[in-house]
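**Q** Got a file for you: work-v6.cif, mmCIF, C-alpha atoms.
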data_final
loop_
_atom_site.group_PDB
_atom_site.id
_atom_site.type_symbol
_atom_site.label_atom_id
_atom_site.label_comp_id
_atom_site.auth_asym_id
_atom_site.auth_seq_id
_atom_site.Cartn_x
_atom_site.Cartn_y
_atom_site.Cartn_z
ATOM 1 C CA PRO A 185 33.577 -14.810 16.480
ATOM 2 C CA THR A 186 33.291 -11.055 16.483
ATOM 3 C CA ALA A 187 31.645 -9.038 13.713
ATOM 4 C CA THR A 188 34.045 -7.114 11.523
ATOM 5 C CA GLN A 189 33.338 -3.612 10.213
ATOM 6 C CA GLY A 190 32.487 -5.144 6.812
ATOM 7 C CA ASP A 191 29.835 -7.403 8.382
ATOM 8 C CA VAL A 192 28.201 -4.440 10.117
ATOM 9 C CA GLU A 193 28.114 -2.429 6.865
ATOM 10 C CA SER A 194 26.544 -5.253 4.827
ATOM 11 C CA ASN A 195 23.874 -5.760 7.510
ATOM 12 C CA LYS A 196 22.994 -2.051 7.305
ATOM 13 C CA SER A 197 22.586 -2.202 3.526
ATOM 14 C CA ILE A 198 20.344 -5.290 3.835
ATOM 15 C CA ALA A 199 18.176 -3.467 6.400
ATOM 16 C CA LYS A 200 17.968 -0.432 4.093
ATOM 17 C CA ALA A 201 16.796 -2.615 1.174
ATOM 18 C CA VAL A 202 14.030 -4.082 3.348
ATOM 19 C CA GLU A 203 12.885 -0.588 4.437
ATOM 20 C CA GLU A 204 12.386 0.452 0.838
ATOM 21 C CA LYS A 205 9.298 -1.721 0.494
ATOM 22 C CA PHE A 206 5.969 0.064 0.520
ATOM 23 C CA VAL A 207 3.275 -1.347 2.785
ATOM 24 C CA LEU A 208 -0.257 -0.163 2.114
ATOM 25 C CA HIS A 209 -2.892 -0.763 4.772
ATOM 26 C CA ILE A 210 -6.490 -0.322 3.630
ATOM 27 C CA THR A 211 -9.415 -0.164 6.056
ATOM 28 C CA ALA A 212 -12.979 -0.132 4.753
ATOM 29 C CA LYS A 213 -15.307 2.281 6.579
ATOM 30 C CA GLU A 214 -18.084 1.565 4.058
ATOM 31 C CA ASP A 215 -18.648 -1.129 1.443
ATOM 32 C CA THR A 216 -16.486 -0.505 -1.615
ATOM 33 C CA TRP A 217 -14.680 -2.243 -4.432
ATOM 34 C CA MET A 218 -11.127 -1.572 -5.493
ATOM 35 C CA LYS A 219 -8.887 -2.494 -8.376
ATOM 36 C CA VAL A 220 -5.236 -2.540 -7.328
ATOM 37 C CA ILE A 221 -2.160 -2.808 -9.520
ATOM 38 C CA VAL A 222 1.031 -3.529 -7.571
ATOM 39 C CA ASP A 223 4.376 -2.819 -9.289
ATOM 40 C CA ASN A 224 2.756 -2.820 -12.776
ATOM 41 C CA ARG A 225 1.661 -6.462 -12.395
ATOM 42 C CA ASP A 226 -1.788 -7.824 -13.226
ATOM 43 C CA PRO A 227 -4.649 -5.961 -11.522
ATOM 44 C CA LYS A 228 -6.550 -7.550 -8.660
ATOM 45 C CA GLU A 229 -10.068 -6.639 -7.618
ATOM 46 C CA TYR A 230 -11.298 -6.561 -4.045
ATOM 47 C CA ASN A 231 -14.839 -6.248 -2.694
ATOM 48 C CA LEU A 232 -14.501 -4.812 0.781
ATOM 49 C CA VAL A 233 -17.260 -4.532 3.352
ATOM 50 C CA SER A 234 -17.249 -2.109 6.266
ATOM 51 C CA GLY A 235 -14.652 -3.237 8.824
ATOM 52 C CA ASP A 236 -12.447 -5.155 6.367
ATOM 53 C CA ASP A 237 -8.680 -4.674 6.520
ATOM 54 C CA LEU A 238 -6.330 -5.332 3.628
ATOM 55 C CA GLU A 239 -2.537 -5.090 3.628
ATOM 56 C CA LEU A 240 -0.513 -5.035 0.404
ATOM 57 C CA GLU A 241 3.217 -4.754 -0.303
ATOM 58 C CA ALA A 242 4.995 -3.227 -3.288
ATOM 59 C CA SER A 243 8.606 -2.559 -4.136
ATOM 60 C CA SER A 244 7.945 0.434 -6.369
ATOM 61 C CA LYS A 245 4.309 1.581 -6.542
ATOM 62 C CA PHE A 246 0.577 1.032 -6.224
ATOM 63 C CA ASN A 247 -2.160 2.122 -8.619
ATOM 64 C CA LEU A 248 -5.576 2.136 -6.969
ATOM 65 C CA LEU A 249 -9.011 2.536 -8.501
ATOM 66 C CA ILE A 250 -11.368 3.040 -5.566
ATOM 67 C CA GLY A 251 -15.090 2.708 -6.199
ATOM 68 C CA ASN A 252 -16.104 4.591 -3.043
ATOM 69 C CA ALA A 253 -13.518 7.252 -2.160
ATOM 70 C CA GLY A 254 -15.142 8.098 1.157
ATOM 71 C CA GLY A 255 -15.393 4.446 2.129
ATOM 72 C CA VAL A 256 -11.721 3.689 2.841
ATOM 73 C CA THR A 257 -8.809 4.931 4.892
ATOM 74 C CA LEU A 258 -5.298 4.333 3.574
ATOM 75 C CA ARG A 259 -1.971 4.196 5.385
ATOM 76 C CA LEU A 260 1.266 3.939 3.427
ATOM 77 C CA ASN A 261 4.210 2.874 5.600
ATOM 78 C CA ASP A 262 2.210 4.026 8.664
ATOM 79 C CA LYS A 263 1.471 7.497 7.267
ATOM 80 C CA GLU A 264 -2.152 8.376 6.537
ATOM 81 C CA VAL A 265 -2.900 9.005 2.856
ATOM 82 C CA LEU A 266 -5.563 11.577 2.031
ATOM 83 C CA VAL A 267 -8.157 10.202 -0.380
ATOM 84 C CA ALA A 268 -9.653 13.137 -2.290
ATOM 85 C CA GLY A 269 -13.299 12.339 -2.865
ATOM 86 C CA LYS A 270 -16.600 11.788 -1.146
ATOM 87 C CA SER A 271 -18.686 8.696 -0.448
ATOM 88 C CA GLY A 272 -19.798 7.142 -3.721
ATOM 89 C CA GLU A 273 -17.148 8.895 -5.835
ATOM 90 C CA MET A 274 -14.651 6.894 -7.873
ATOM 91 C CA VAL A 275 -10.992 7.893 -7.476
ATOM 92 C CA ASN A 276 -7.762 6.777 -9.139
ATOM 93 C CA LEU A 277 -4.597 7.080 -7.023
ATOM 94 C CA ASP A 278 -0.920 6.409 -7.663
ATOM 95 C CA LEU A 279 1.185 5.782 -4.566
ATOM 96 C CA PRO A 280 3.708 6.758 -3.434
#
Show this structure as structure tokens.

**A**
Amino acid sequence: PTATQGDVESNKSIAKAVEEKFVLHITAKEDTWMKVIVDNRDPKEYNLVSGDDLELEASSKFNLLIGNAGGVTLRLNDKEVLVAGKSGEMVNLDLP
């Protein structure tokens, strides 16, 4: 069977819905702890050591409390996020 125009349109809207997820990739350059709230759900705490990678998904937003601002690099949907702060400083971020 061949795809009708309607089938092609519905597939595009499904693909668009999937793209609207936010993927946050966290890489620890130094030891740090973080408290992360995804989509206003219960917070989770992470103790990261240098070299750790963490990947989180959200449909609307992230709230991050970073214990060592200079100790992590963040990428949101493959775009680098600037973390304002130095090593040892605590920073609160809302993404996107």

**Q** Could you tell me how far atom CA of A:Lys205 sits from atom CA of A:Ala253, in Å to one decimal place?

**A**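 The value is 24.7 Å.
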
**Q** Evaluate the PyMOL selection byres ((chain A and resi 224) around 9) and record the selected residues as a VMD selection string, following the chain and residue labels used in the document.

**A** chain A and resid 221 to 223 225 to 227 244 to 247

**Q** Give as JSON, numbers by chain the residues that the PyMOL selection byres ((chain A and resi 263) around 12) matches when applied to the coordinates above.

**A** {"A": [206, 207, 208, 209, 210, 257, 258, 259, 260, 261, 262, 264, 265, 266, 279, 280]}

**Q** Atom CA of A:Ile250 and atom CA of A:Met274, how far apart in Å?

**A**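 Atom CA of A:Ile250 lies 5.6 Å from atom CA of A:Met274.
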
**Q** Using all atoms listed in the file, which residue out of A:Val275, A:Val220, A:Val267, A:Ala212 lies closest to A:Gly251?

**A**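 That would be A:Val275, the residue with the smallest distance to A:Gly251.
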
**Q** Between A:Asp215, A:Glu229, A:Ala242, A:Glu204, which residue has the minimum interatomic distance to A:Gly272, considering all atoms listed in the file?

**A**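 Among A:Asp215, A:Glu229, A:Ala242, A:Glu204, it is A:Asp215 that comes nearest to A:Gly272.
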
**Q** Please determine an axis-aligned box that encloses all atoms of stretch 270-280 of chain A listed in the file, with 6 Å added on each side, and express its centre and edge lengths in Å to one decimal as AutoDock Vina command-line options.

**A**
--center_x -8.0 --center_y 8.8 --center_z -4.8 --size_x 35.5 --size_y 18.0 --size_z 20.7

**Q** To one decimal place, how far is atom CA of A:Lys228 from atom CA of A:Asn252 in Å?

**A** 16.4 Å

**Q** Using the chain letters and numbers from this file, what does the PyMOL selection byres ((chain A and resi 230) around 7) select? Give the answer as a PyMOL selection string.

**A** chain A and resi 217-219+228-229+231-232

**Q** Using all atoms listed in the file, which of A:Ser271, A:Thr211, A:Thr216, A:Asn276 sits nearest A:Asp237?

**A**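 Closest residue, counting all atoms listed in the file: A:Thr211.
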
**Q** Step by step: locate stretch 186-280 of chain A in the block above, keep C-alpha atoms, then write the file as a PDB file, in the first residue's frame.

**A**
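This went into decode-v3.pdb:
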ATOM      1  CA  THR A 186       1.116   3.524  -0.718  1.00  0.00           C
ATOM      2  CA  ALA A 187       1.159   6.317   1.860  1.00  0.00           C
ATOM      3  CA  THR A 188      -1.530   8.928   1.403  1.00  0.00           C
ATOM      4  CA  GLN A 189      -0.955  12.647   1.963  1.00  0.00           C
ATOM      5  CA  GLY A 190      -2.746  12.335   5.330  1.00  0.00           C
ATOM      6  CA  ASP A 191      -0.324   9.611   6.477  1.00  0.00           C
ATOM      7  CA  VAL A 192       2.677  11.771   5.586  1.00  0.00           C
ATOM      8  CA  GLU A 193       1.245  14.759   7.495  1.00  0.00           C
ATOM      9  CA  SER A 194       0.518  12.752  10.662  1.00  0.00           C
ATOM     10  CA  ASN A 195       4.050  11.301  10.601  1.00  0.00           C
ATOM     11  CA  LYS A 196       5.477  14.837  10.432  1.00  0.00           C
ATOM     12  CA  SER A 197       3.451  15.963  13.448  1.00  0.00           C
ATOM     13  CA  ILE A 198       4.598  12.896  15.433  1.00  0.00           C
ATOM     14  CA  ALA A 199       8.235  13.688  14.569  1.00  0.00           C
ATOM     15  CA  LYS A 200       7.714  17.318  15.632  1.00  0.00           C
ATOM     16  CA  ALA A 201       6.304  16.222  19.019  1.00  0.00           C
ATOM     17  CA  VAL A 202       9.369  14.037  19.617  1.00  0.00           C
ATOM     18  CA  GLU A 203      11.733  16.926  18.742  1.00  0.00           C
ATOM     19  CA  GLU A 204      10.170  19.109  21.402  1.00  0.00           C
ATOM     20  CA  LYS A 205      11.778  17.103  24.189  1.00  0.00           C
ATOM     21  CA  PHE A 206      14.740  18.689  25.915  1.00  0.00           C
ATOM     22  CA  VAL A 207      17.819  16.528  26.387  1.00  0.00           C
ATOM     23  CA  LEU A 208      20.368  17.778  28.891  1.00  0.00           C
ATOM     24  CA  HIS A 209      23.836  16.249  28.848  1.00  0.00           C
ATOM     25  CA  ILE A 210      25.969  16.958  31.912  1.00  0.00           C
ATOM     26  CA  THR A 211      29.696  16.213  32.043  1.00  0.00           C
ATOM     27  CA  ALA A 212      31.609  16.593  35.298  1.00  0.00           C
ATOM     28  CA  LYS A 213      35.058  18.187  34.927  1.00  0.00           C
ATOM     29  CA  GLU A 214      35.455  18.295  38.723  1.00  0.00           C
ATOM     30  CA  ASP A 215      33.647  16.630  41.618  1.00  0.00           C
ATOM     31  CA  THR A 216      30.299  18.306  42.251  1.00  0.00           C
ATOM     32  CA  TRP A 217      26.804  17.669  43.512  1.00  0.00           C
ATOM     33  CA  MET A 218      23.630  18.749  41.791  1.00  0.00           C
ATOM     34  CA  LYS A 219      19.960  18.913  42.621  1.00  0.00           C
ATOM     35  CA  VAL A 220      17.824  18.608  39.494  1.00  0.00           C
ATOM     36  CA  ILE A 221      14.098  19.175  39.124  1.00  0.00           C
ATOM     37  CA  VAL A 222      12.696  17.919  35.813  1.00  0.00           C
ATOM     38  CA  ASP A 223       9.289  19.253  34.692  1.00  0.00           C
ATOM     39  CA  ASN A 224       8.393  20.389  38.254  1.00  0.00           C
ATOM     40  CA  ARG A 225       8.584  16.807  39.572  1.00  0.00           C
ATOM     41  CA  ASP A 226      10.363  15.719  42.748  1.00  0.00           C
ATOM     42  CA  PRO A 227      14.010  16.823  42.946  1.00  0.00           C
ATOM     43  CA  LYS A 228      16.811  14.313  42.514  1.00  0.00           C
ATOM     44  CA  GLU A 229      20.325  14.728  43.844  1.00  0.00           C
ATOM     45  CA  TYR A 230      23.448  13.562  42.064  1.00  0.00           C
ATOM     46  CA  ASN A 231      27.024  13.310  43.331  1.00  0.00           C
ATOM     47  CA  LEU A 232      29.226  13.495  40.270  1.00  0.00           C
ATOM     48  CA  VAL A 233      32.945  12.819  40.158  1.00  0.00           C
ATOM     49  CA  SER A 234      35.288  14.114  37.476  1.00  0.00           C
ATOM     50  CA  GLY A 235      34.609  12.254  34.214  1.00  0.00           C
ATOM     51  CA  ASP A 236      30.987  11.335  34.999  1.00  0.00           C
ATOM     52  CA  ASP A 237      28.344  11.831  32.313  1.00  0.00           C
ATOM     53  CA  LEU A 238      24.649  12.250  33.014  1.00  0.00           C
ATOM     54  CA  GLU A 239      21.837  12.574  30.478  1.00  0.00           C
ATOM     55  CA  LEU A 240      18.357  13.767  31.457  1.00  0.00           C
ATOM     56  CA  GLU A 241      15.171  14.365  29.462  1.00  0.00           C
ATOM     57  CA  ALA A 242      12.375  16.856  30.077  1.00  0.00           C
ATOM     58  CA  SER A 243       9.285  17.862  28.167  1.00  0.00           C
ATOM     59  CA  SER A 244       9.142  21.417  29.482  1.00  0.00           C
ATOM     60  CA  LYS A 245      12.063  22.462  31.705  1.00  0.00           C
ATOM     61  CA  PHE A 246      14.950  21.744  34.046  1.00  0.00           C
ATOM     62  CA  ASN A 247      15.825  23.508  37.292  1.00  0.00           C
ATOM     63  CA  LEU A 248      19.417  22.878  38.335  1.00  0.00           C
ATOM     64  CA  LEU A 249      21.181  23.685  41.582  1.00  0.00           C
ATOM     65  CA  ILE A 250      24.870  23.106  40.892  1.00  0.00           C
ATOM     66  CA  GLY A 251      27.222  22.914  43.859  1.00  0.00           C
ATOM     67  CA  ASN A 252      30.360  23.593  41.802  1.00  0.00           C
ATOM     68  CA  ALA A 253      29.576  25.864  38.838  1.00  0.00           C
ATOM     69  CA  GLY A 254      33.025  25.497  37.314  1.00  0.00           C
ATOM     70  CA  GLY A 255      32.934  21.726  37.658  1.00  0.00           C
ATOM     71  CA  VAL A 256      30.407  20.866  34.931  1.00  0.00           C
ATOM     72  CA  THR A 257      29.748  21.415  31.258  1.00  0.00           C
ATOM     73  CA  LEU A 258      26.145  21.387  30.054  1.00  0.00           C
ATOM     74  CA  ARG A 259      24.697  20.730  26.614  1.00  0.00           C
ATOM     75  CA  LEU A 260      20.994  21.232  25.967  1.00  0.00           C
ATOM     76  CA  ASN A 261      19.833  19.570  22.740  1.00  0.00           C
ATOM     77  CA  ASP A 262      23.487  19.568  21.569  1.00  0.00           C
ATOM     78  CA  LYS A 263      24.026  23.287  22.220  1.00  0.00           C
ATOM     79  CA  GLU A 264      26.533  24.269  24.900  1.00  0.00           C
ATOM     80  CA  VAL A 265      25.010  26.086  27.880  1.00  0.00           C
ATOM     81  CA  LEU A 266      27.139  28.717  29.594  1.00  0.00           C
ATOM     82  CA  VAL A 267      27.307  28.173  33.350  1.00  0.00           C
ATOM     83  CA  ALA A 268      27.978  31.541  34.992  1.00  0.00           C
ATOM     84  CA  GLY A 269      30.197  30.893  37.979  1.00  0.00           C
ATOM     85  CA  LYS A 270      33.609  29.710  39.033  1.00  0.00           C
ATOM     86  CA  SER A 271      34.874  26.512  40.638  1.00  0.00           C
ATOM     87  CA  GLY A 272      33.353  26.129  44.088  1.00  0.00           C
ATOM     88  CA  GLU A 273      30.480  28.559  43.454  1.00  0.00           C
ATOM     89  CA  MET A 274      26.873  27.429  43.767  1.00  0.00           C
ATOM     90  CA  VAL A 275      24.584  28.328  40.852  1.00  0.00           C
ATOM     91  CA  ASN A 276      20.860  27.921  40.205  1.00  0.00           C
ATOM     92  CA  LEU A 277      19.825  27.572  36.545  1.00  0.00           C
ATOM     93  CA  ASP A 278      16.493  27.251  34.764  1.00  0.00           C
ATOM     94  CA  LEU A 279      16.633  25.666  31.317  1.00  0.00           C
ATOM     95  CA  PRO A 280      15.646  26.266  28.622  1.00  0.00           C
TER      96      PRO A 280
END
